[in-house]
file input-v5.csv (CSV, C-alpha atoms)
chain,number,residue,atom,x,y,z
A,1,MET,CA,34.6,-20.0,16.0
A,2,VAL,CA,36.1,-19.7,19.5
A,3,THR,CA,33.7,-18.4,22.1
A,4,ILE,CA,34.7,-16.8,25.4
A,5,SER,CA,32.7,-14.7,27.9
A,6,ARG,CA,33.4,-11.2,29.0
A,7,THR,CA,34.0,-12.3,32.6
A,8,GLU,CA,36.5,-14.9,31.4
A,9,LEU,CA,38.3,-12.4,29.3
A,10,ASP,CA,38.6,-10.0,32.2
A,11,LYS,CA,40.0,-12.8,34.5
A,12,ILE,CA,42.6,-13.8,31.9
A,13,ARG,CA,43.5,-10.2,31.5
A,14,GLU,CA,44.0,-9.8,35.2
A,15,ILE,CA,46.2,-13.0,35.4
A,16,SER,CA,48.3,-11.7,32.5
A,17,ASN,CA,48.6,-8.3,33.9
A,18,ILE,CA,50.1,-9.6,37.2
A,19,GLY,CA,52.2,-12.3,35.5
A,20,LEU,CA,53.7,-10.0,32.9
A,21,GLY,CA,54.2,-7.3,35.4
A,22,GLN,CA,56.6,-9.6,37.2
A,23,ALA,CA,58.2,-10.5,33.9
A,24,ALA,CA,58.7,-6.8,33.2
A,25,THR,CA,60.4,-6.3,36.6
A,26,SER,CA,62.7,-9.3,35.9
A,27,LEU,CA,63.6,-7.9,32.5
A,28,SER,CA,64.4,-4.4,33.7
A,29,GLN,CA,66.7,-5.9,36.3
A,30,LEU,CA,68.3,-8.2,33.7
A,31,LEU,CA,68.8,-5.5,31.0
A,32,ASP,CA,69.4,-2.8,33.6
A,33,MET,CA,67.0,-0.4,32.0
A,34,PRO,CA,63.4,0.6,32.5
A,35,CYS,CA,60.8,-1.7,31.0
A,36,LYS,CA,57.2,-0.6,30.6
A,37,MET,CA,54.3,-2.8,29.5
A,38,THR,CA,50.8,-2.2,28.2
A,39,VAL,CA,47.7,-3.7,29.9
A,40,PRO,CA,47.2,-7.0,28.1
A,41,ALA,CA,44.5,-7.0,25.4
A,42,VAL,CA,42.5,-10.2,25.1
A,43,THR,CA,40.7,-10.7,21.8
A,44,VAL,CA,39.5,-13.4,19.5
A,45,THR,CA,41.2,-12.9,16.2
A,46,GLY,CA,42.1,-14.4,12.8
A,47,PHE,CA,45.5,-15.8,11.8
A,48,ASP,CA,46.3,-13.1,9.3
A,49,ASP,CA,45.4,-10.4,12.0
A,50,ILE,CA,48.0,-11.9,14.3
A,51,ILE,CA,50.7,-11.8,11.6
A,52,ALA,CA,49.6,-8.2,10.9
A,53,LEU,CA,50.1,-7.2,14.6
A,54,ALA,CA,53.7,-8.4,14.3
A,55,GLY,CA,54.3,-6.0,11.4
A,56,GLY,CA,53.1,-8.1,8.5
A,57,ALA,CA,54.2,-11.5,7.1
A,58,GLU,CA,57.5,-10.3,5.7
A,59,ASN,CA,58.6,-8.2,8.7
A,60,GLU,CA,61.9,-9.6,10.1
A,61,VAL,CA,61.4,-10.6,13.8
A,62,ALA,CA,62.9,-12.7,16.5
A,63,ALA,CA,60.4,-15.1,17.9
A,64,ILE,CA,60.9,-17.0,21.1
A,65,SER,CA,58.4,-19.8,21.4
A,66,LEU,CA,57.5,-22.0,24.4
A,67,LYS,CA,54.6,-24.3,25.2
A,68,MET,CA,52.6,-24.1,28.4
A,69,GLU,CA,52.0,-27.8,29.3
A,70,GLY,CA,50.2,-29.8,31.9
A,71,ALA,CA,46.6,-29.3,32.9
A,72,PHE,CA,46.3,-26.4,30.5
A,73,ARG,CA,48.0,-26.1,27.1
A,74,ALA,CA,48.9,-22.9,25.3
A,75,THR,CA,51.6,-21.4,23.2
A,76,MET,CA,53.6,-18.5,24.5
A,77,LEU,CA,55.4,-16.3,22.0
A,78,PHE,CA,57.7,-13.4,22.6
A,79,ILE,CA,58.3,-11.4,19.5
A,80,PHE,CA,60.6,-8.4,18.9
A,81,PRO,CA,62.1,-6.7,15.8
A,82,ALA,CA,65.2,-8.6,14.4
A,83,ALA,CA,67.1,-5.3,14.3
A,84,HIS,CA,67.2,-5.4,18.2
A,85,VAL,CA,68.6,-8.9,18.5
A,86,SER,CA,72.3,-8.0,18.6
A,87,SER,CA,71.8,-5.2,21.2
A,88,ILE,CA,69.8,-7.6,23.5
A,89,VAL,CA,72.4,-10.3,23.1
A,90,LYS,CA,75.2,-7.8,23.9
A,91,GLN,CA,73.3,-6.6,27.0
A,92,LEU,CA,72.6,-10.2,28.2
A,93,THR,CA,76.1,-11.7,27.6
A,94,GLY,CA,78.4,-8.7,27.9
A,95,GLU,CA,79.9,-9.8,24.6
A,96,GLN,CA,80.5,-7.0,22.1
A,97,SER,CA,79.8,-9.0,18.9
A,98,GLY,CA,76.1,-9.7,19.6
A,99,ILE,CA,76.5,-12.9,17.5
A,100,LEU,CA,73.5,-15.0,16.6
A,101,GLU,CA,75.0,-18.5,16.6
A,102,GLY,CA,75.7,-20.5,19.8
A,103,ILE,CA,75.9,-18.2,22.8
A,104,GLY,CA,73.5,-15.7,21.1
A,105,HIS,CA,70.8,-18.2,20.7
A,106,SER,CA,71.3,-19.5,24.2
A,107,ALA,CA,71.0,-16.0,25.6
A,108,LEU,CA,67.7,-15.4,23.7
A,109,ARG,CA,66.3,-18.7,24.9
A,110,GLU,CA,67.2,-17.8,28.5
A,111,PHE,CA,65.6,-14.4,27.9
A,112,GLY,CA,62.4,-16.3,26.9
A,113,ASN,CA,62.6,-18.5,30.0
A,114,ILE,CA,62.7,-15.4,32.2
A,115,ILE,CA,59.8,-13.7,30.6
A,116,THR,CA,57.6,-16.8,30.5
A,117,GLY,CA,58.8,-18.2,33.8
A,118,ALA,CA,57.3,-15.3,35.8
A,119,TYR,CA,54.1,-15.5,33.7
A,120,VAL,CA,53.6,-19.3,34.1
A,121,ALA,CA,54.3,-19.1,37.9
A,122,THR,CA,51.6,-16.5,38.3
A,123,PHE,CA,49.2,-18.3,36.1
A,124,ALA,CA,49.6,-21.6,38.1
A,125,ASP,CA,49.2,-19.7,41.4
A,126,LEU,CA,46.0,-17.9,40.5
A,127,THR,CA,44.3,-20.6,38.5
A,128,LYS,CA,45.5,-23.5,40.8
A,129,LEU,CA,46.3,-25.4,37.6
A,130,ASN,CA,49.3,-27.6,37.4
A,131,VAL,CA,51.2,-26.0,34.5
A,132,ARG,CA,54.8,-25.8,33.5
A,133,SER,CA,56.7,-24.4,30.5
A,134,SER,CA,58.6,-26.4,27.8
A,135,ILE,CA,62.1,-25.7,26.5
A,136,PRO,CA,62.2,-22.5,24.6
A,137,ASP,CA,63.1,-22.3,20.9
A,138,VAL,CA,64.2,-19.2,18.9
A,139,VAL,CA,63.8,-18.3,15.3
A,140,ILE,CA,64.8,-15.1,13.5
A,141,ASP,CA,62.9,-14.9,10.2
A,142,MET,CA,59.9,-13.4,8.5
A,143,ALA,CA,57.0,-12.9,10.9
A,144,GLY,CA,54.7,-15.2,8.9
A,145,ALA,CA,57.1,-18.0,9.0
A,146,ALA,CA,58.1,-17.5,12.6
A,147,ILE,CA,54.6,-17.3,14.1
A,148,THR,CA,52.6,-19.8,12.0
A,149,PRO,CA,54.1,-22.9,13.7
A,150,SER,CA,52.7,-21.7,17.0
A,151,LEU,CA,49.2,-21.4,15.4
A,152,LEU,CA,49.1,-24.9,14.1
A,153,PRO,CA,47.7,-26.7,17.2
A,154,LEU,CA,44.9,-24.1,17.2
A,155,SER,CA,44.3,-24.3,13.5
A,156,LEU,CA,42.9,-27.8,13.9
A,157,TYR,CA,39.8,-26.2,15.5
A,158,GLY,CA,39.2,-23.3,13.2
A,159,ASP,CA,40.5,-20.1,11.7
A,160,ASP,CA,40.6,-17.9,14.7
A,161,VAL,CA,42.3,-17.9,18.1
A,162,ILE,CA,42.1,-16.3,21.6
A,163,LEU,CA,45.0,-13.9,21.7
A,164,ILE,CA,46.4,-12.3,24.8
A,165,GLN,CA,48.7,-9.5,23.7
A,166,THR,CA,51.0,-7.2,25.6
A,167,ASN,CA,53.5,-4.7,24.3
A,168,PHE,CA,56.7,-3.9,26.1
A,169,ASN,CA,58.1,-0.4,25.3
A,170,ASP,CA,60.9,1.9,26.0
A,171,TRP,CA,63.6,-0.5,26.7
A,172,PHE,CA,66.0,1.6,24.8
A,173,GLU,CA,65.1,5.1,25.8
A,174,LYS,CA,68.1,6.6,24.0
A,175,SER,CA,67.3,4.6,20.9
A,176,PRO,CA,65.7,6.9,18.2
A,177,GLU,CA,63.5,4.0,17.2
A,178,ARG,CA,60.8,3.1,19.6
A,179,PHE,CA,61.3,-0.5,20.6
A,180,GLN,CA,58.2,-2.7,20.6
A,181,ALA,CA,58.2,-6.2,21.8
A,182,GLN,CA,55.1,-8.3,22.1
A,183,PHE,CA,54.0,-11.2,24.2
A,184,TYR,CA,51.3,-13.5,22.9
A,185,LEU,CA,49.5,-16.3,24.8
A,186,LEU,CA,47.5,-18.6,22.5
A,187,PRO,CA,45.4,-21.1,24.4
A,188,GLU,CA,44.7,-24.4,22.7
A,189,PRO,CA,40.9,-24.6,22.2
A,190,GLY,CA,40.9,-28.2,23.6
A,191,SER,CA,42.1,-26.7,26.9
A,192,MET,CA,39.5,-24.0,27.2
A,193,ASN,CA,37.1,-26.0,29.3
A,194,VAL,CA,39.8,-26.7,31.9
A,195,LEU,CA,40.6,-23.0,32.0
A,196,ARG,CA,36.9,-22.1,32.3
A,197,THR,CA,36.4,-24.3,35.4
A,198,ALA,CA,39.6,-22.9,37.0
A,199,LEU,CA,38.5,-19.4,36.3
A,200,GLU,CA,35.1,-20.0,38.0
A,201,GLY,CA,37.1,-20.7,41.2
A,202,MET,CA,38.8,-17.3,41.0
A,203,PRO,CA,37.2,-14.3,42.6
A,204,SER,CA,36.0,-11.8,40.0
B,1,MET,CA,45.3,1.3,-23.5
B,2,THR,CA,48.0,0.1,-21.1
B,3,LEU,CA,47.4,-2.7,-18.7
B,4,THR,CA,48.6,-2.2,-15.2
B,5,LYS,CA,50.1,-5.3,-13.8
B,6,LYS,CA,49.3,-6.2,-10.3
B,7,THR,CA,50.1,-8.9,-7.8
B,8,VAL,CA,47.2,-10.7,-6.0
B,9,LYS,CA,48.2,-11.4,-2.4
B,10,VAL,CA,47.0,-14.7,-0.8
B,11,GLY,CA,46.7,-14.9,3.0
B,12,MET,CA,47.3,-17.9,5.2
B,13,ALA,CA,44.8,-20.8,4.8
B,14,ASP,CA,43.3,-19.0,1.8
B,15,MET,CA,43.4,-19.2,-2.0
B,16,GLY,CA,43.2,-16.8,-4.9
B,17,TYR,CA,43.7,-16.5,-8.7
B,18,CYS,CA,44.9,-14.1,-11.3
B,19,LEU,CA,44.7,-13.7,-15.1
B,20,ALA,CA,47.5,-12.8,-17.5
B,21,PRO,CA,49.6,-10.6,-17.3
B,22,ASN,CA,49.2,-10.3,-13.5
B,23,SER,CA,51.1,-12.1,-10.7
B,24,ILE,CA,50.0,-13.9,-7.6
B,25,GLY,CA,52.0,-14.4,-4.4
B,26,SER,CA,52.0,-15.2,-0.7
B,27,SER,CA,54.3,-13.9,2.0
B,28,GLY,CA,56.1,-15.3,5.0
B,29,LEU,CA,55.6,-19.1,4.3
B,30,GLY,CA,57.2,-21.2,7.1
B,31,SER,CA,55.8,-24.7,7.4
B,32,CYS,CA,53.0,-23.6,5.1
B,33,VAL,CA,53.1,-24.6,1.5
B,34,ALA,CA,52.1,-22.4,-1.5
B,35,ILE,CA,50.7,-24.5,-4.3
B,36,VAL,CA,50.4,-22.7,-7.7
B,37,ILE,CA,48.5,-24.3,-10.6
B,38,TYR,CA,48.5,-22.8,-14.1
B,39,PRO,CA,47.9,-24.0,-17.7
B,40,ALA,CA,51.0,-24.4,-20.0
B,41,ASN,CA,49.8,-21.3,-22.0
B,42,GLY,CA,50.1,-19.1,-18.9
B,43,ALA,CA,46.6,-17.6,-19.3
B,44,ALA,CA,45.7,-17.9,-15.6
B,45,ALA,CA,47.0,-19.1,-12.2
B,46,ALA,CA,45.5,-20.1,-8.9
B,47,LEU,CA,47.4,-20.3,-5.6
B,48,ALA,CA,46.6,-21.9,-2.3
B,49,HIS,CA,48.5,-21.2,1.0
B,50,VAL,CA,48.0,-24.4,2.9
B,51,MET,CA,48.7,-24.8,6.6
B,52,LEU,CA,48.0,-28.5,7.3
B,53,PRO,CA,48.4,-31.7,5.3
B,54,ASP,CA,45.0,-33.4,5.3
B,55,ALA,CA,41.5,-32.4,6.2
B,56,SER,CA,40.9,-35.6,8.2
B,57,ILE,CA,42.9,-34.2,11.2
B,58,ARG,CA,40.6,-31.2,11.7
B,59,ARG,CA,38.6,-31.1,15.0
B,60,ASN,CA,35.8,-28.8,13.9
B,61,ASP,CA,32.9,-28.7,11.5
B,62,ASP,CA,33.6,-25.6,9.6
B,63,PHE,CA,35.7,-26.6,6.7
B,64,ASN,CA,38.1,-24.4,4.9
B,65,ARG,CA,39.3,-26.4,1.9
B,66,ALA,CA,42.2,-23.9,1.2
B,67,LYS,CA,43.8,-24.8,4.6
B,68,TYR,CA,44.6,-28.4,3.8
B,69,ALA,CA,47.0,-29.7,1.1
B,70,ASP,CA,44.7,-32.6,0.1
B,71,THR,CA,41.6,-30.5,-0.4
B,72,ALA,CA,43.3,-27.4,-1.7
B,73,VAL,CA,44.5,-29.2,-4.9
B,74,PRO,CA,40.9,-30.1,-6.1
B,75,LEU,CA,39.8,-26.6,-5.1
B,76,LEU,CA,42.5,-25.1,-7.3
B,77,LEU,CA,41.4,-27.4,-10.1
B,78,GLU,CA,37.8,-26.3,-9.8
B,79,THR,CA,38.9,-22.7,-9.8
B,80,MET,CA,40.9,-23.2,-13.0
B,81,GLN,CA,37.9,-24.8,-14.6
B,82,ARG,CA,35.8,-21.7,-13.8
B,83,LEU,CA,38.5,-19.5,-15.3
B,84,GLY,CA,38.6,-21.2,-18.6
B,85,PRO,CA,38.3,-24.5,-20.5
B,86,PHE,CA,41.7,-25.8,-19.3
B,87,ARG,CA,42.2,-29.5,-19.6
B,88,ASN,CA,44.0,-31.2,-16.7
B,89,ALA,CA,46.6,-32.5,-19.1
B,90,THR,CA,47.8,-29.0,-19.9
B,91,LEU,CA,48.1,-27.9,-16.2
B,92,ARG,CA,51.4,-27.4,-14.4
B,93,ALA,CA,52.2,-26.8,-10.8
B,94,LYS,CA,55.0,-25.1,-8.7
B,95,ILE,CA,55.2,-25.5,-5.0
B,96,ALA,CA,57.3,-23.7,-2.2
B,97,GLY,CA,57.5,-23.7,1.6
B,98,GLY,CA,57.3,-26.6,4.0
B,99,ALA,CA,60.2,-25.5,6.2
B,100,ASN,CA,60.9,-26.7,9.7
B,101,MET,CA,61.2,-23.4,11.6
B,102,PHE,CA,61.6,-24.5,15.2
B,103,GLN,CA,64.3,-27.2,15.1
B,104,ARG,CA,64.4,-27.7,18.9
B,105,LEU,CA,60.7,-27.6,19.7
B,106,SER,CA,60.0,-30.0,16.8
B,107,THR,CA,61.8,-32.7,18.8
B,108,VAL,CA,59.2,-32.5,21.5
B,109,ASP,CA,56.2,-31.4,19.5
B,110,PRO,CA,55.5,-33.3,16.3
B,111,MET,CA,53.1,-30.5,15.2
B,112,MET,CA,56.2,-28.3,14.7
B,113,LYS,CA,57.5,-30.7,12.0
B,114,ILE,CA,54.3,-30.3,9.9
B,115,GLY,CA,56.2,-28.6,7.0
B,116,GLU,CA,57.6,-31.9,5.7
B,117,ARG,CA,54.1,-33.5,5.9
B,118,ASN,CA,52.5,-30.6,4.1
B,119,THR,CA,55.0,-31.0,1.2
B,120,GLU,CA,54.5,-34.7,0.9
B,121,VAL,CA,50.7,-34.5,0.8
B,122,ALA,CA,50.8,-31.6,-1.7
B,123,ARG,CA,53.1,-33.7,-4.0
B,124,GLU,CA,50.8,-36.7,-3.7
B,125,ALA,CA,47.6,-34.7,-4.4
B,126,LEU,CA,49.2,-33.2,-7.5
B,127,LYS,CA,50.4,-36.6,-8.7
B,128,GLN,CA,46.9,-38.0,-8.3
B,129,ALA,CA,45.5,-35.1,-10.3
B,130,ASN,CA,48.1,-35.9,-13.0
B,131,ILE,CA,49.7,-32.4,-12.7
B,132,PRO,CA,53.5,-32.3,-13.1
B,133,ILE,CA,55.5,-30.2,-10.6
B,134,MET,CA,57.8,-27.9,-12.5
B,135,ALA,CA,59.5,-26.4,-9.5
B,136,ASP,CA,59.7,-27.8,-5.9
B,137,VAL,CA,61.3,-25.3,-3.5
B,138,THR,CA,60.6,-26.9,-0.2
B,139,GLY,CA,62.2,-28.0,3.1
B,140,GLY,CA,65.0,-26.3,5.0
B,141,SER,CA,64.5,-24.0,7.9
B,142,GLU,CA,63.9,-20.6,6.3
B,143,GLY,CA,60.8,-18.6,5.8
B,144,ARG,CA,59.9,-17.8,2.1
B,145,SER,CA,57.9,-15.3,0.2
B,146,VAL,CA,56.8,-16.3,-3.3
B,147,VAL,CA,55.4,-14.5,-6.4
B,148,PHE,CA,54.3,-16.4,-9.5
B,149,SER,CA,54.4,-14.3,-12.6
B,150,LEU,CA,52.1,-15.3,-15.5
B,151,LYS,CA,54.3,-13.3,-17.9
B,152,ASP,CA,57.0,-16.0,-17.9
B,153,GLN,CA,55.4,-18.6,-15.6
B,154,SER,CA,58.3,-18.0,-13.2
B,155,LEU,CA,58.2,-18.5,-9.4
B,156,SER,CA,60.3,-16.0,-7.5
B,157,VAL,CA,61.2,-17.1,-4.0
B,158,ARG,CA,62.7,-14.7,-1.5
B,159,THR,CA,64.3,-15.6,1.9
B,160,ILE,CA,65.9,-13.2,4.3
B,161,HIS,CA,69.3,-14.9,4.3
B,162,SER,CA,69.6,-16.1,0.7
B,163,GLY,CA,67.9,-13.3,-1.3
B,164,THR,CA,65.6,-13.9,-4.3
B,165,LYS,CA,65.9,-16.8,-6.7
B,166,ILE,CA,63.8,-17.5,-9.7
B,167,TYR,CA,62.4,-21.0,-10.4
call {"tool": "encode", "arguments": {"input": "input-v5.csv", "output": "structure tokens"}}
result
Amino acid sequence: MVTISRTELDKIREISNIGLGQAATSLSQLLDMPCKMTVPAVTVTGFDDIIALAGGAENEVAAISLKMEGAFRATMLFIFPAAHVSSIVKQLTGEQSGILEGIGHSALREFGNIITGAYVATFADLTKLNVRSSIPDVVIDMAGAAITPSLLPLSLYGDDVILIQTNFNDWFEKSPERFQAQFYLLPEPGSMNVLRTALEGMPS
Amino acid sequence: MTLTKKTVKVGMADMGYCLAPNSIGSSGLGSCVAIVIYPANGAAAALAHVMLPDASIRRNDDFNRAKYADTAVPLLLETMQRLGPFRNATLRAKIAGGANMFQRLSTVDPMMKIGERNTEVAREALKQANIPIMADVTGGSEGRSVVFSLKDQSLSVRTIHSGTKIY
């Protein structure tokens, strides 16, 4: 069982709020449309609950996965419905086809870099930890299959994880469907002591 | 009286069982492997949704046997023994999953290649228990959902891109 104090949760929430706020600004510039985000929710949760948040194990999603590496290790996941992939690729590349192969996948990886880049920079700045992000990878498949690989390093420690979750809404205001994208940060339990010490140095 | 057939759903790192004429399944398997064990007469089936190859790599004390391929097979056997007097010799297995979902990240993070390892250890554990594998739908880079039906002892495997196939 993962343990984390209320004060620590609040500090992580604050870091995430600032970092993802910047990510949201970059995104609205990139996509040329308003991008709103929810205040990050920080919880300790089970594997199946995480899959349920992404719409259930069989829900078709696009998942962009990156590692936060260095002094502190975590997995960052950006998830959105697979149905929105082609419109995002069109918007990013200006291509009409919204194809998934080649340029489409590169565009989505770049999309992941922008979202997580702003977050990682803020995280490093506020915690004074030397962290960087890995290369991004993209998979479009069932949520269970797309998310589980990111849970593996955490599964060595137990059956629950610390989840920092933020929803991004209203990217496509004209779209009848309400677009919901989610950002997850999943710290590796072995890194939690490093983070605790860094958080103590931060003003509450 | 009519029997209503139902499908028992097994979550990640968990196990479950069902009796005839019901079905048992697990959804959205990526690198995870579903191991199904059933007697040749199709009276019952037990399924484990394993995440990791062997229990020795765990770094905690709480121990969930359904999570690891090497400990899940004995757990499934014990479950079958509780369900009926099935002899090991009459037991059969079907396995599915073990994909490599993130092709690029797996080049920098060996943890991402765990699907292959899960499959190897599942096969080895079944071999040691002397249980033949009747269907082995593993590898590749696609997510799978599986349902094992006791009615005809078939394993239905669905992927997003290739549809549903029966094994």
call {"tool": "residues_around", "arguments": {"input": "input-v5.csv", "residues": "Met142 of chain A", "least_positions_apart": "6", "cutoff": "12 Å", "atoms": "all atoms listed in the file", "output": "ChimeraX atom specification"}}
result
/A:51-52,54-63,79-82,148 /B:27-30,101,141-145,158-161
call {"tool": "write_last_selection", "arguments": {"input": "input-v5.csv", "atoms": "C-alpha atoms", "output": "mmCIF file, keeping the file's coordinate frame"}}
result
data_model
loop_
_atom_site.group_PDB
_atom_site.id
_atom_site.type_symbol
_atom_site.label_atom_id
_atom_site.label_comp_id
_atom_site.auth_asym_id
_atom_site.auth_seq_id
_atom_site.Cartn_x
_atom_site.Cartn_y
_atom_site.Cartn_z
ATOM 1 C CA ILE A 51 50.700 -11.800 11.600
ATOM 2 C CA ALA A 52 49.600 -8.200 10.900
ATOM 3 C CA ALA A 54 53.700 -8.400 14.300
ATOM 4 C CA GLY A 55 54.300 -6.000 11.400
ATOM 5 C CA GLY A 56 53.100 -8.100 8.500
ATOM 6 C CA ALA A 57 54.200 -11.500 7.100
ATOM 7 C CA GLU A 58 57.500 -10.300 5.700
ATOM 8 C CA ASN A 59 58.600 -8.200 8.700
ATOM 9 C CA GLU A 60 61.900 -9.600 10.100
ATOM 10 C CA VAL A 61 61.400 -10.600 13.800
ATOM 11 C CA ALA A 62 62.900 -12.700 16.500
ATOM 12 C CA ALA A 63 60.400 -15.100 17.900
ATOM 13 C CA ILE A 79 58.300 -11.400 19.500
ATOM 14 C CA PHE A 80 60.600 -8.400 18.900
ATOM 15 C CA PRO A 81 62.100 -6.700 15.800
ATOM 16 C CA ALA A 82 65.200 -8.600 14.400
ATOM 17 C CA THR A 148 52.600 -19.800 12.000
ATOM 18 C CA SER B 27 54.300 -13.900 2.000
ATOM 19 C CA GLY B 28 56.100 -15.300 5.000
ATOM 20 C CA LEU B 29 55.600 -19.100 4.300
ATOM 21 C CA GLY B 30 57.200 -21.200 7.100
ATOM 22 C CA MET B 101 61.200 -23.400 11.600
ATOM 23 C CA SER B 141 64.500 -24.000 7.900
ATOM 24 C CA GLU B 142 63.900 -20.600 6.300
ATOM 25 C CA GLY B 143 60.800 -18.600 5.800
ATOM 26 C CA ARG B 144 59.900 -17.800 2.100
ATOM 27 C CA SER B 145 57.900 -15.300 0.200
ATOM 28 C CA ARG B 158 62.700 -14.700 -1.500
ATOM 29 C CA THR B 159 64.300 -15.600 1.900
ATOM 30 C CA ILE B 160 65.900 -13.200 4.300
ATOM 31 C CA HIS B 161 69.300 -14.900 4.300
#
call {"tool": "closest_atom_pairs", "arguments": {"input": "input-v5.csv", "of": "chain B", "to": "chain A", "cutoff": "9 Å", "atoms": "all atoms listed in the file", "output": "CSV"}}
result
residue,atom,partner,partner_atom,distance
B:Gly11,CA,A:Asp48,CA,6.6
B:Met12,CA,A:Asp48,CA,6.4
B:Ala13,CA,A:Asp159,CA,8.2
B:Ser26,CA,A:Ala57,CA,8.9
B:Ser27,CA,A:Ala57,CA,5.6
B:Gly28,CA,A:Gly144,CA,4.1
B:Leu29,CA,A:Ala145,CA,5.1
B:Gly30,CA,A:Ala145,CA,3.7
B:Ser31,CA,A:Pro149,CA,6.8
B:Cys32,CA,A:Thr148,CA,7.9
B:Met51,CA,A:Leu152,CA,7.5
B:Leu52,CA,A:Leu152,CA,7.8
B:Ile57,CA,A:Leu156,CA,6.9
B:Arg58,CA,A:Leu156,CA,4.7
B:Arg59,CA,A:Tyr157,CA,5.1
B:Asn60,CA,A:Tyr157,CA,5.0
B:Asp61,CA,A:Tyr157,CA,8.4
B:Asp62,CA,A:Gly158,CA,7.0
B:Phe63,CA,A:Gly158,CA,8.1
B:Asn64,CA,A:Asp159,CA,8.4
B:Lys67,CA,A:Ser155,CA,8.9
B:Ala99,CA,A:Ala145,CA,8.6
B:Asn100,CA,A:Pro149,CA,8.8
B:Met101,CA,A:Ala146,CA,6.7
B:Phe102,CA,A:Asp137,CA,6.3
B:Gln103,CA,A:Asp137,CA,7.7
B:Arg104,CA,A:Asp137,CA,5.9
B:Leu105,CA,A:Asp137,CA,5.9
B:Val108,CA,A:Ser134,CA,8.8
B:Met111,CA,A:Pro153,CA,6.9
B:Met112,CA,A:Pro149,CA,5.9
B:Lys113,CA,A:Pro149,CA,8.7
B:Ile114,CA,A:Pro149,CA,8.3
B:Glu142,CA,A:Asp141,CA,7.0
B:Gly143,CA,A:Ala145,CA,4.9
B:Arg144,CA,A:Ala145,CA,7.4
B:Ser145,CA,A:Glu58,CA,7.4
B:Thr159,CA,A:Met142,CA,8.2
B:Ile160,CA,A:Asp141,CA,6.8
B:His161,CA,A:Asp141,CA,8.7
call {"tool": "write_last_selection", "arguments": {"input": "input-v5.csv", "atoms": "C-alpha atoms", "output": "PDB file, keeping the file's coordinate frame"}}
result
ATOM      1  CA  GLY B  11      46.700 -14.900   3.000  1.00  0.00           C
ATOM      2  CA  MET B  12      47.300 -17.900   5.200  1.00  0.00           C
ATOM      3  CA  ALA B  13      44.800 -20.800   4.800  1.00  0.00           C
ATOM      4  CA  SER B  26      52.000 -15.200  -0.700  1.00  0.00           C
ATOM      5  CA  SER B  27      54.300 -13.900   2.000  1.00  0.00           C
ATOM      6  CA  GLY B  28      56.100 -15.300   5.000  1.00  0.00           C
ATOM      7  CA  LEU B  29      55.600 -19.100   4.300  1.00  0.00           C
ATOM      8  CA  GLY B  30      57.200 -21.200   7.100  1.00  0.00           C
ATOM      9  CA  SER B  31      55.800 -24.700   7.400  1.00  0.00           C
ATOM     10  CA  CYS B  32      53.000 -23.600   5.100  1.00  0.00           C
ATOM     11  CA  MET B  51      48.700 -24.800   6.600  1.00  0.00           C
ATOM     12  CA  LEU B  52      48.000 -28.500   7.300  1.00  0.00           C
ATOM     13  CA  ILE B  57      42.900 -34.200  11.200  1.00  0.00           C
ATOM     14  CA  ARG B  58      40.600 -31.200  11.700  1.00  0.00           C
ATOM     15  CA  ARG B  59      38.600 -31.100  15.000  1.00  0.00           C
ATOM     16  CA  ASN B  60      35.800 -28.800  13.900  1.00  0.00           C
ATOM     17  CA  ASP B  61      32.900 -28.700  11.500  1.00  0.00           C
ATOM     18  CA  ASP B  62      33.600 -25.600   9.600  1.00  0.00           C
ATOM     19  CA  PHE B  63      35.700 -26.600   6.700  1.00  0.00           C
ATOM     20  CA  ASN B  64      38.100 -24.400   4.900  1.00  0.00           C
ATOM     21  CA  LYS B  67      43.800 -24.800   4.600  1.00  0.00           C
ATOM     22  CA  ALA B  99      60.200 -25.500   6.200  1.00  0.00           C
ATOM     23  CA  ASN B 100      60.900 -26.700   9.700  1.00  0.00           C
ATOM     24  CA  MET B 101      61.200 -23.400  11.600  1.00  0.00           C
ATOM     25  CA  PHE B 102      61.600 -24.500  15.200  1.00  0.00           C
ATOM     26  CA  GLN B 103      64.300 -27.200  15.100  1.00  0.00           C
ATOM     27  CA  ARG B 104      64.400 -27.700  18.900  1.00  0.00           C
ATOM     28  CA  LEU B 105      60.700 -27.600  19.700  1.00  0.00           C
ATOM     29  CA  VAL B 108      59.200 -32.500  21.500  1.00  0.00           C
ATOM     30  CA  MET B 111      53.100 -30.500  15.200  1.00  0.00           C
ATOM     31  CA  MET B 112      56.200 -28.300  14.700  1.00  0.00           C
ATOM     32  CA  LYS B 113      57.500 -30.700  12.000  1.00  0.00           C
ATOM     33  CA  ILE B 114      54.300 -30.300   9.900  1.00  0.00           C
ATOM     34  CA  GLU B 142      63.900 -20.600   6.300  1.00  0.00           C
ATOM     35  CA  GLY B 143      60.800 -18.600   5.800  1.00  0.00           C
ATOM     36  CA  ARG B 144      59.900 -17.800   2.100  1.00  0.00           C
ATOM     37  CA  SER B 145      57.900 -15.300   0.200  1.00  0.00           C
ATOM     38  CA  THR B 159      64.300 -15.600   1.900  1.00  0.00           C
ATOM     39  CA  ILE B 160      65.900 -13.200   4.300  1.00  0.00           C
ATOM     40  CA  HIS B 161      69.300 -14.900   4.300  1.00  0.00           C
TER      41      HIS B 161
END
call {"tool": "residues_near_point", "arguments": {"input": "input-v5.csv", "point": "(58.5, -28.0, -13.0)", "cutoff": "8 Å", "atoms": "all atoms listed in the file", "output": "VMD selection string"}}
result
chain B and resid 92 to 94 132 to 136
call {"tool": "atom_distance", "arguments": {"input": "input-v5.csv", "atom1": "atom CA of Gln180 of chain A", "atom2": "atom CA of Thr3 of chain A"}}
result
29.1 Å
